[in-house]
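Structure data follow from structure.pdb (PDB, C-alpha atoms and all ligand atoms):
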MODEL        1
ATOM      1  CA  MET A   1       2.745 -14.181  11.479  1.00  0.00           C
ATOM      2  CA  LEU A   2       1.339 -13.230   8.051  1.00  0.00           C
ATOM      3  CA  GLY A   3      -2.386 -13.393   7.600  1.00  0.00           C
ATOM      4  CA  ARG A   4      -4.469 -12.496   4.565  1.00  0.00           C
ATOM      5  CA  LEU A   5      -3.369 -10.458   1.572  1.00  0.00           C
ATOM      6  CA  ASN A   6      -5.042  -7.124   2.388  1.00  0.00           C
ATOM      7  CA  HIS A   7      -4.318  -5.387  -0.911  1.00  0.00           C
ATOM      8  CA  VAL A   8      -2.092  -5.040  -3.939  1.00  0.00           C
ATOM      9  CA  ALA A   9      -1.154  -1.394  -4.550  1.00  0.00           C
ATOM     10  CA  LEU A  10      -0.711   0.080  -8.007  1.00  0.00           C
ATOM     11  CA  ALA A  11       0.811   3.527  -8.506  1.00  0.00           C
ATOM     12  CA  VAL A  12      -0.944   5.462 -11.261  1.00  0.00           C
ATOM     13  CA  PRO A  13      -0.293   8.878 -12.802  1.00  0.00           C
ATOM     14  CA  ASP A  14      -4.022   9.726 -13.093  1.00  0.00           C
ATOM     15  CA  LEU A  15      -6.209   8.380 -10.301  1.00  0.00           C
ATOM     16  CA  ALA A  16      -9.517   9.485 -11.841  1.00  0.00           C
ATOM     17  CA  ALA A  17      -8.695   7.750 -15.115  1.00  0.00           C
ATOM     18  CA  ALA A  18      -7.548   4.576 -13.330  1.00  0.00           C
ATOM     19  CA  ALA A  19     -10.663   4.475 -11.130  1.00  0.00           C
ATOM     20  CA  GLU A  20     -12.821   4.901 -14.231  1.00  0.00           C
ATOM     21  CA  THR A  21     -11.023   2.024 -15.981  1.00  0.00           C
ATOM     22  CA  TYR A  22     -11.704  -0.305 -13.058  1.00  0.00           C
ATOM     23  CA  ARG A  23     -15.295   0.904 -12.697  1.00  0.00           C
ATOM     24  CA  THR A  24     -16.427   0.863 -16.314  1.00  0.00           C
ATOM     25  CA  LYS A  25     -14.070  -1.352 -18.349  1.00  0.00           C
ATOM     26  CA  LEU A  26     -13.410  -3.945 -15.648  1.00  0.00           C
ATOM     27  CA  GLY A  27     -16.788  -3.666 -13.929  1.00  0.00           C
ATOM     28  CA  ALA A  28     -15.447  -3.416 -10.384  1.00  0.00           C
ATOM     29  CA  SER A  29     -16.722  -1.635  -7.296  1.00  0.00           C
ATOM     30  CA  VAL A  30     -14.494   1.403  -6.639  1.00  0.00           C
ATOM     31  CA  THR A  31     -14.466   3.601  -3.504  1.00  0.00           C
ATOM     32  CA  ALA A  32     -14.357   7.408  -3.455  1.00  0.00           C
ATOM     33  CA  PRO A  33     -10.881   9.000  -3.468  1.00  0.00           C
ATOM     34  CA  GLN A  34      -9.300   9.507  -0.042  1.00  0.00           C
ATOM     35  CA  SER A  35      -6.413  11.937   0.509  1.00  0.00           C
ATOM     36  CA  LEU A  36      -3.756  10.798   2.963  1.00  0.00           C
ATOM     37  CA  PRO A  37      -1.376  13.774   3.390  1.00  0.00           C
ATOM     38  CA  GLU A  38       0.695  11.948   6.003  1.00  0.00           C
ATOM     39  CA  HIS A  39       1.469   9.265   3.397  1.00  0.00           C
ATOM     40  CA  GLY A  40       1.765  11.656   0.431  1.00  0.00           C
ATOM     41  CA  VAL A  41      -0.888   9.846  -1.620  1.00  0.00           C
ATOM     42  CA  THR A  42      -4.502   9.932  -2.662  1.00  0.00           C
ATOM     43  CA  VAL A  43      -6.031   6.438  -2.726  1.00  0.00           C
ATOM     44  CA  VAL A  44      -8.990   4.641  -4.217  1.00  0.00           C
ATOM     45  CA  PHE A  45      -9.810   1.013  -3.395  1.00  0.00           C
ATOM     46  CA  VAL A  46     -11.086  -1.462  -5.950  1.00  0.00           C
ATOM     47  CA  GLU A  47     -13.093  -3.928  -3.866  1.00  0.00           C
ATOM     48  CA  LEU A  48     -12.832  -7.577  -4.896  1.00  0.00           C
ATOM     49  CA  ASP A  49     -14.357 -10.620  -3.217  1.00  0.00           C
ATOM     50  CA  ASN A  50     -11.055 -11.888  -1.833  1.00  0.00           C
ATOM     51  CA  THR A  51      -8.881  -8.753  -1.561  1.00  0.00           C
ATOM     52  CA  LYS A  52      -8.550  -5.136  -2.680  1.00  0.00           C
ATOM     53  CA  ILE A  53      -6.537  -3.233  -5.251  1.00  0.00           C
ATOM     54  CA  GLU A  54      -5.233   0.086  -3.928  1.00  0.00           C
ATOM     55  CA  LEU A  55      -4.768   2.720  -6.636  1.00  0.00           C
ATOM     56  CA  LEU A  56      -2.252   5.387  -5.554  1.00  0.00           C
ATOM     57  CA  GLU A  57      -1.686   8.846  -6.978  1.00  0.00           C
ATOM     58  CA  PRO A  58       1.001  11.230  -5.638  1.00  0.00           C
ATOM     59  CA  LEU A  59      -0.174  13.953  -3.238  1.00  0.00           C
ATOM     60  CA  GLY A  60       2.150  16.863  -2.480  1.00  0.00           C
ATOM     61  CA  ALA A  61       5.698  17.697  -3.516  1.00  0.00           C
ATOM     62  CA  THR A  62       7.392  15.017  -1.416  1.00  0.00           C
ATOM     63  CA  SER A  63       5.195  12.044  -2.291  1.00  0.00           C
ATOM     64  CA  PRO A  64       6.995   8.725  -1.776  1.00  0.00           C
ATOM     65  CA  ILE A  65       5.559   7.435  -5.069  1.00  0.00           C
ATOM     66  CA  ALA A  66       6.754  10.358  -7.240  1.00  0.00           C
ATOM     67  CA  ALA A  67      10.114   8.718  -7.960  1.00  0.00           C
ATOM     68  CA  PHE A  68       8.400   5.408  -8.749  1.00  0.00           C
ATOM     69  CA  LEU A  69       6.204   7.134 -11.348  1.00  0.00           C
ATOM     70  CA  GLU A  70       9.231   8.864 -12.867  1.00  0.00           C
ATOM     71  CA  LYS A  71      10.693   5.403 -13.514  1.00  0.00           C
ATOM     72  CA  ASN A  72       7.303   3.903 -14.453  1.00  0.00           C
ATOM     73  CA  PRO A  73       5.394   6.762 -16.108  1.00  0.00           C
ATOM     74  CA  LYS A  74       2.387   4.612 -17.028  1.00  0.00           C
ATOM     75  CA  GLY A  75       2.150   3.278 -13.488  1.00  0.00           C
ATOM     76  CA  GLY A  76       2.745  -0.210 -12.120  1.00  0.00           C
ATOM     77  CA  MET A  77       2.710  -2.489  -9.112  1.00  0.00           C
ATOM     78  CA  HIS A  78       4.015  -0.592  -6.092  1.00  0.00           C
ATOM     79  CA  HIS A  79       3.587  -2.810  -3.014  1.00  0.00           C
ATOM     80  CA  LEU A  80       1.786  -5.728  -1.399  1.00  0.00           C
ATOM     81  CA  CYS A  81       0.044  -5.466   1.968  1.00  0.00           C
ATOM     82  CA  TYR A  82      -0.309  -8.413   4.339  1.00  0.00           C
ATOM     83  CA  GLU A  83      -2.388  -8.502   7.501  1.00  0.00           C
ATOM     84  CA  VAL A  84      -0.763  -9.234  10.849  1.00  0.00           C
ATOM     85  CA  PRO A  85      -2.458  -9.613  14.236  1.00  0.00           C
ATOM     86  CA  ASP A  86       0.138  -7.559  16.186  1.00  0.00           C
ATOM     87  CA  ILE A  87       2.188  -5.041  14.218  1.00  0.00           C
ATOM     88  CA  ILE A  88       4.662  -4.281  17.017  1.00  0.00           C
ATOM     89  CA  ALA A  89       5.399  -7.981  17.554  1.00  0.00           C
ATOM     90  CA  ALA A  90       5.745  -8.435  13.772  1.00  0.00           C
ATOM     91  CA  ARG A  91       8.088  -5.447  13.499  1.00  0.00           C
ATOM     92  CA  ASP A  92      10.258  -6.549  16.408  1.00  0.00           C
ATOM     93  CA  ARG A  93      10.541 -10.061  14.996  1.00  0.00           C
ATOM     94  CA  LEU A  94      11.525  -8.699  11.562  1.00  0.00           C
ATOM     95  CA  VAL A  95      14.008  -6.162  12.917  1.00  0.00           C
ATOM     96  CA  ALA A  96      15.628  -8.976  14.926  1.00  0.00           C
ATOM     97  CA  THR A  97      16.279 -10.746  11.591  1.00  0.00           C
ATOM     98  CA  GLY A  98      17.934  -7.609  10.176  1.00  0.00           C
ATOM     99  CA  ALA A  99      14.955  -6.329   8.154  1.00  0.00           C
ATOM    100  CA  ARG A 100      14.666  -2.564   7.781  1.00  0.00           C
ATOM    101  CA  VAL A 101      11.426  -0.709   8.534  1.00  0.00           C
ATOM    102  CA  LEU A 102      10.991   2.469   6.475  1.00  0.00           C
ATOM    103  CA  GLY A 103      10.603   5.889   8.110  1.00  0.00           C
ATOM    104  CA  ASP A 104      11.121   6.191  11.855  1.00  0.00           C
ATOM    105  CA  GLY A 105      10.258   2.545  12.428  1.00  0.00           C
ATOM    106  CA  GLU A 106       6.975   3.329  14.136  1.00  0.00           C
ATOM    107  CA  PRO A 107       3.601   2.328  12.622  1.00  0.00           C
ATOM    108  CA  LYS A 108       1.490   5.062  11.024  1.00  0.00           C
ATOM    109  CA  ILE A 109      -2.276   5.028  10.627  1.00  0.00           C
ATOM    110  CA  GLY A 110      -3.123   3.827   7.112  1.00  0.00           C
ATOM    111  CA  ALA A 111      -6.055   4.260   4.757  1.00  0.00           C
ATOM    112  CA  HIS A 112      -8.242   1.875   6.762  1.00  0.00           C
ATOM    113  CA  GLY A 113      -7.620   3.674  10.063  1.00  0.00           C
ATOM    114  CA  LYS A 114      -5.348   0.856  11.233  1.00  0.00           C
ATOM    115  CA  PRO A 115      -1.579   0.837  11.987  1.00  0.00           C
ATOM    116  CA  VAL A 116       0.695   0.104   9.036  1.00  0.00           C
ATOM    117  CA  LEU A 117       4.412  -0.009   8.348  1.00  0.00           C
ATOM    118  CA  PHE A 118       6.593  -0.691   5.322  1.00  0.00           C
ATOM    119  CA  LEU A 119       9.557  -3.041   4.990  1.00  0.00           C
ATOM    120  CA  HIS A 120      12.500  -2.102   2.782  1.00  0.00           C
ATOM    121  CA  PRO A 121      12.133  -3.935  -0.561  1.00  0.00           C
ATOM    122  CA  GLY A 122      15.786  -4.911  -0.431  1.00  0.00           C
ATOM    123  CA  ASP A 123      14.998  -7.152   2.538  1.00  0.00           C
ATOM    124  CA  VAL A 124      11.960  -8.808   0.890  1.00  0.00           C
ATOM    125  CA  HIS A 125      13.442  -9.877  -2.444  1.00  0.00           C
ATOM    126  CA  GLY A 126      12.688  -6.673  -4.296  1.00  0.00           C
ATOM    127  CA  THR A 127       9.050  -6.051  -3.359  1.00  0.00           C
ATOM    128  CA  LEU A 128       8.000  -3.146  -1.145  1.00  0.00           C
ATOM    129  CA  THR A 129       5.951  -4.837   1.596  1.00  0.00           C
ATOM    130  CA  GLU A 130       3.358  -3.244   3.855  1.00  0.00           C
ATOM    131  CA  LEU A 131       2.071  -4.823   7.054  1.00  0.00           C
ATOM    132  CA  GLU A 132      -1.319  -3.817   8.444  1.00  0.00           C
ATOM    133  CA  GLN A 133      -2.583  -4.729  11.882  1.00  0.00           C
ATOM    134  CA  VAL A 134      -6.152  -6.024  11.700  1.00  0.00           C
TER     135      VAL A 134
HETATM  136 CO    CO B 201      -0.979  -0.044   0.848  1.00  0.00          CO
ENDMDL
END
How does this structure look as structure tokens?
Amino acid sequence: MLGRLNHVALAVPDLAAAAETYRTKLGASVTAPQSLPEHGVTVVFVELDNTKIELLEPLGATSPIAAFLEKNPKGGMHHLCYEVPDIIAARDRLVATGARVLGDGEPKIGAHGKPVLFLHPGDVHGTLTELEQV
């Protein structure tokens, strides 16, 4: 069911500073910031040969990463995203095993314009896990 690792997401308190670190200190290719109000984040992608790093900054008062940054004020690893060929089939298979899908259980459109959903970290050994249909 799982395909490639699509990205590793890092929550950061200052997106501009983090993007600059990746661009200048680490010498990586970094995309322009993209605001995703439906997800409560602004994102930048660091483009690597084999995957991407998603840098996340809170957007709006009810951002889902605000609490994470309160606990991790310098930022840190927030979630992993795996590609799946059919997100509804993947969700139904996971729910049948007792896994919990966050939100209303329906996929939302993610930063790449493709359907995504998140699995409760408590059902994936402590790591927030995103699935993206590609
Ligand atoms: Co993500």
Run the PyMOL selection byres (((chain A and resi 29-38) around 9) and not hetatm) against the file shown and list the residues it catches, as a CSV table (one decimal) with C-alpha atoms, in the frame of the given file.
chain,number,residue,atom,x,y,z
A,15,LEU,CA,-6.2,8.4,-10.3
A,16,ALA,CA,-9.5,9.5,-11.8
A,19,ALA,CA,-10.7,4.5,-11.1
A,20,GLU,CA,-12.8,4.9,-14.2
A,22,TYR,CA,-11.7,-0.3,-13.1
A,23,ARG,CA,-15.3,0.9,-12.7
A,27,GLY,CA,-16.8,-3.7,-13.9
A,28,ALA,CA,-15.4,-3.4,-10.4
A,39,HIS,CA,1.5,9.3,3.4
A,40,GLY,CA,1.8,11.7,0.4
A,41,VAL,CA,-0.9,9.8,-1.6
A,42,THR,CA,-4.5,9.9,-2.7
A,43,VAL,CA,-6.0,6.4,-2.7
A,44,VAL,CA,-9.0,4.6,-4.2
A,45,PHE,CA,-9.8,1.0,-3.4
A,46,VAL,CA,-11.1,-1.5,-6.0
A,47,GLU,CA,-13.1,-3.9,-3.9
A,48,LEU,CA,-12.8,-7.6,-4.9
A,59,LEU,CA,-0.2,14.0,-3.2
A,60,GLY,CA,2.2,16.9,-2.5
A,63,SER,CA,5.2,12.0,-2.3
A,108,LYS,CA,1.5,5.1,11.0
A,109,ILE,CA,-2.3,5.0,10.6
A,110,GLY,CA,-3.1,3.8,7.1
A,111,ALA,CA,-6.1,4.3,4.8
Quick check, in Å to one decimal: how far apart do CA of Pro64 (chain A) and CA of Gln133 (chain A) lie?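 About the pair CA of Pro64 (chain A) and CA of Gln133 (chain A): they are 21.4 Å apart.
Within the file as shown, the PyMOL selection byres (((chain A and resi 85) around 9) and not hetatm) identifies Met1, Leu2, Gly3, Glu83, Val84, Asp86, Ile87, Ala89, Ala90, Glu132, Gln133 and Val134 of chain A.
Among A:Leu26, A:Pro13, A:Glu70, A:Leu131, the residue with the shortest atom-to-atom distance to Glu57 (chain A), counting all atoms listed in the file, is A:Pro13.
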Near-ligand residues for ligand CO 201 (chain B), threshold 8 Å, all atoms listed in the file, as an MDAnalysis selection string: chainID A and resid 7:9 54 79:81 110:111 130
What does the PyMOL selection byres (((chain A and resi 124-126) around 12) and not hetatm) select in this file, as a list in words? Met77, His78, His79, Leu80, Leu94, Thr97, Gly98, Ala99, Arg100, Val101, Phe118, Leu119, His120, Pro121, Gly122, Asp123, Thr127, Leu128, Thr129 and Glu130 of chain A
Expected file contents, prior selection, C-alpha atoms, as a PDB file, in the coordinates of the input:
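The result, written out as result_16.pdb:
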ATOM      1  CA  MET A  77       2.710  -2.489  -9.112  1.00  0.00           C
ATOM      2  CA  HIS A  78       4.015  -0.592  -6.092  1.00  0.00           C
ATOM      3  CA  HIS A  79       3.587  -2.810  -3.014  1.00  0.00           C
ATOM      4  CA  LEU A  80       1.786  -5.728  -1.399  1.00  0.00           C
ATOM      5  CA  LEU A  94      11.525  -8.699  11.562  1.00  0.00           C
ATOM      6  CA  THR A  97      16.279 -10.746  11.591  1.00  0.00           C
ATOM      7  CA  GLY A  98      17.934  -7.609  10.176  1.00  0.00           C
ATOM      8  CA  ALA A  99      14.955  -6.329   8.154  1.00  0.00           C
ATOM      9  CA  ARG A 100      14.666  -2.564   7.781  1.00  0.00           C
ATOM     10  CA  VAL A 101      11.426  -0.709   8.534  1.00  0.00           C
ATOM     11  CA  PHE A 118       6.593  -0.691   5.322  1.00  0.00           C
ATOM     12  CA  LEU A 119       9.557  -3.041   4.990  1.00  0.00           C
ATOM     13  CA  HIS A 120      12.500  -2.102   2.782  1.00  0.00           C
ATOM     14  CA  PRO A 121      12.133  -3.935  -0.561  1.00  0.00           C
ATOM     15  CA  GLY A 122      15.786  -4.911  -0.431  1.00  0.00           C
ATOM     16  CA  ASP A 123      14.998  -7.152   2.538  1.00  0.00           C
ATOM     17  CA  THR A 127       9.050  -6.051  -3.359  1.00  0.00           C
ATOM     18  CA  LEU A 128       8.000  -3.146  -1.145  1.00  0.00           C
ATOM     19  CA  THR A 129       5.951  -4.837   1.596  1.00  0.00           C
ATOM     20  CA  GLU A 130       3.358  -3.244   3.855  1.00  0.00           C
TER      21      GLU A 130
END
Grab all the atoms of region 115-120 of chain A that the file lists, wrap them in a box along x, y and z, add 8 Å per side, and give me centre plus edge lengths in Å (one decimal) as lines of an AutoDock Vina configuration file.
center_x = 5.5
center_y = -1.1
center_z = 7.4
size_x = 30.1
size_y = 19.9
size_z = 25.2
Starting from the incomplete input, reconstruct all heavy atoms of region 56-67 of chain A and report them as a PDB file, in the coordinates of the input.
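That gives us result.pdb:
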ATOM      1  N   LEU A  56      -2.962   4.296  -6.230  1.00  0.00           N
ATOM      2  CA  LEU A  56      -2.252   5.387  -5.554  1.00  0.00           C
ATOM      3  C   LEU A  56      -1.847   6.458  -6.541  1.00  0.00           C
ATOM      4  O   LEU A  56      -1.250   6.146  -7.579  1.00  0.00           O
ATOM      5  CB  LEU A  56      -0.942   4.871  -4.936  1.00  0.00           C
ATOM      6  CG  LEU A  56      -0.998   3.794  -3.878  1.00  0.00           C
ATOM      7  CD1 LEU A  56       0.417   3.287  -3.617  1.00  0.00           C
ATOM      8  CD2 LEU A  56      -1.615   4.355  -2.626  1.00  0.00           C
ATOM      9  N   GLU A  57      -2.139   7.698  -6.184  1.00  0.00           N
ATOM     10  CA  GLU A  57      -1.686   8.846  -6.978  1.00  0.00           C
ATOM     11  C   GLU A  57      -0.887   9.744  -6.035  1.00  0.00           C
ATOM     12  O   GLU A  57      -1.266   9.898  -4.869  1.00  0.00           O
ATOM     13  CB  GLU A  57      -2.912   9.594  -7.508  1.00  0.00           C
ATOM     14  CG  GLU A  57      -2.611  10.816  -8.351  1.00  0.00           C
ATOM     15  CD  GLU A  57      -3.912  11.526  -8.749  1.00  0.00           C
ATOM     16  OE1 GLU A  57      -4.613  12.053  -7.839  1.00  0.00           O
ATOM     17  OE2 GLU A  57      -4.233  11.543  -9.934  1.00  0.00           O
ATOM     18  N   PRO A  58       0.208  10.368  -6.519  1.00  0.00           N
ATOM     19  CA  PRO A  58       1.001  11.230  -5.638  1.00  0.00           C
ATOM     20  C   PRO A  58       0.176  12.399  -5.104  1.00  0.00           C
ATOM     21  O   PRO A  58      -0.672  12.946  -5.804  1.00  0.00           O
ATOM     22  CB  PRO A  58       2.126  11.756  -6.534  1.00  0.00           C
ATOM     23  CG  PRO A  58       2.140  10.884  -7.741  1.00  0.00           C
ATOM     24  CD  PRO A  58       0.757  10.306  -7.873  1.00  0.00           C
ATOM     25  N   LEU A  59       0.447  12.778  -3.858  1.00  0.00           N
ATOM     26  CA  LEU A  59      -0.174  13.953  -3.238  1.00  0.00           C
ATOM     27  C   LEU A  59       0.953  14.759  -2.595  1.00  0.00           C
ATOM     28  O   LEU A  59       1.646  14.257  -1.724  1.00  0.00           O
ATOM     29  CB  LEU A  59      -1.196  13.512  -2.183  1.00  0.00           C
ATOM     30  CG  LEU A  59      -1.848  14.628  -1.348  1.00  0.00           C
ATOM     31  CD1 LEU A  59      -2.711  15.524  -2.221  1.00  0.00           C
ATOM     32  CD2 LEU A  59      -2.691  14.035  -0.233  1.00  0.00           C
ATOM     33  N   GLY A  60       1.116  15.998  -3.059  1.00  0.00           N
ATOM     34  CA  GLY A  60       2.150  16.863  -2.480  1.00  0.00           C
ATOM     35  C   GLY A  60       3.494  16.685  -3.151  1.00  0.00           C
ATOM     36  O   GLY A  60       3.725  15.745  -3.913  1.00  0.00           O
ATOM     37  N   ALA A  61       4.403  17.628  -2.830  1.00  0.00           N
ATOM     38  CA  ALA A  61       5.698  17.697  -3.516  1.00  0.00           C
ATOM     39  C   ALA A  61       6.648  16.587  -3.097  1.00  0.00           C
ATOM     40  O   ALA A  61       7.575  16.250  -3.832  1.00  0.00           O
ATOM     41  CB  ALA A  61       6.339  19.059  -3.255  1.00  0.00           C
ATOM     42  N   THR A  62       6.428  15.995  -1.925  1.00  0.00           N
ATOM     43  CA  THR A  62       7.392  15.017  -1.416  1.00  0.00           C
ATOM     44  C   THR A  62       6.774  13.615  -1.374  1.00  0.00           C
ATOM     45  O   THR A  62       7.128  12.803  -0.534  1.00  0.00           O
ATOM     46  CB  THR A  62       7.868  15.403  -0.007  1.00  0.00           C
ATOM     47  OG1 THR A  62       6.706  15.497   0.840  1.00  0.00           O
ATOM     48  CG2 THR A  62       8.582  16.739  -0.023  1.00  0.00           C
ATOM     49  N   SER A  63       5.857  13.347  -2.297  1.00  0.00           N
ATOM     50  CA  SER A  63       5.195  12.044  -2.291  1.00  0.00           C
ATOM     51  C   SER A  63       6.195  10.909  -2.463  1.00  0.00           C
ATOM     52  O   SER A  63       7.071  10.962  -3.333  1.00  0.00           O
ATOM     53  CB  SER A  63       4.172  11.968  -3.424  1.00  0.00           C
ATOM     54  OG  SER A  63       3.638  10.655  -3.481  1.00  0.00           O
ATOM     55  N   PRO A  64       6.073   9.859  -1.644  1.00  0.00           N
ATOM     56  CA  PRO A  64       6.995   8.725  -1.776  1.00  0.00           C
ATOM     57  C   PRO A  64       6.810   7.944  -3.074  1.00  0.00           C
ATOM     58  O   PRO A  64       7.665   7.128  -3.415  1.00  0.00           O
ATOM     59  CB  PRO A  64       6.673   7.856  -0.558  1.00  0.00           C
ATOM     60  CG  PRO A  64       5.312   8.257  -0.135  1.00  0.00           C
ATOM     61  CD  PRO A  64       5.128   9.692  -0.538  1.00  0.00           C
ATOM     62  N   ILE A  65       5.723   8.175  -3.812  1.00  0.00           N
ATOM     63  CA  ILE A  65       5.559   7.435  -5.069  1.00  0.00           C
ATOM     64  C   ILE A  65       5.937   8.265  -6.299  1.00  0.00           C
ATOM     65  O   ILE A  65       5.867   7.767  -7.413  1.00  0.00           O
ATOM     66  CB  ILE A  65       4.131   6.854  -5.237  1.00  0.00           C
ATOM     67  CG1 ILE A  65       3.084   7.944  -5.336  1.00  0.00           C
ATOM     68  CG2 ILE A  65       3.814   5.872  -4.135  1.00  0.00           C
ATOM     69  CD1 ILE A  65       1.723   7.394  -5.764  1.00  0.00           C
ATOM     70  N   ALA A  66       6.380   9.525  -6.088  1.00  0.00           N
ATOM     71  CA  ALA A  66       6.754  10.358  -7.240  1.00  0.00           C
ATOM     72  C   ALA A  66       7.932   9.743  -8.005  1.00  0.00           C
ATOM     73  O   ALA A  66       7.911   9.672  -9.241  1.00  0.00           O
ATOM     74  CB  ALA A  66       7.089  11.772  -6.779  1.00  0.00           C
ATOM     75  N   ALA A  67       8.937   9.290  -7.291  1.00  0.00           N
ATOM     76  CA  ALA A  67      10.114   8.718  -7.960  1.00  0.00           C
ATOM     77  C   ALA A  67       9.746   7.434  -8.701  1.00  0.00           C
ATOM     78  O   ALA A  67      10.246   7.174  -9.799  1.00  0.00           O
ATOM     79  CB  ALA A  67      11.221   8.446  -6.944  1.00  0.00           C
TER      80      ALA A  67
END
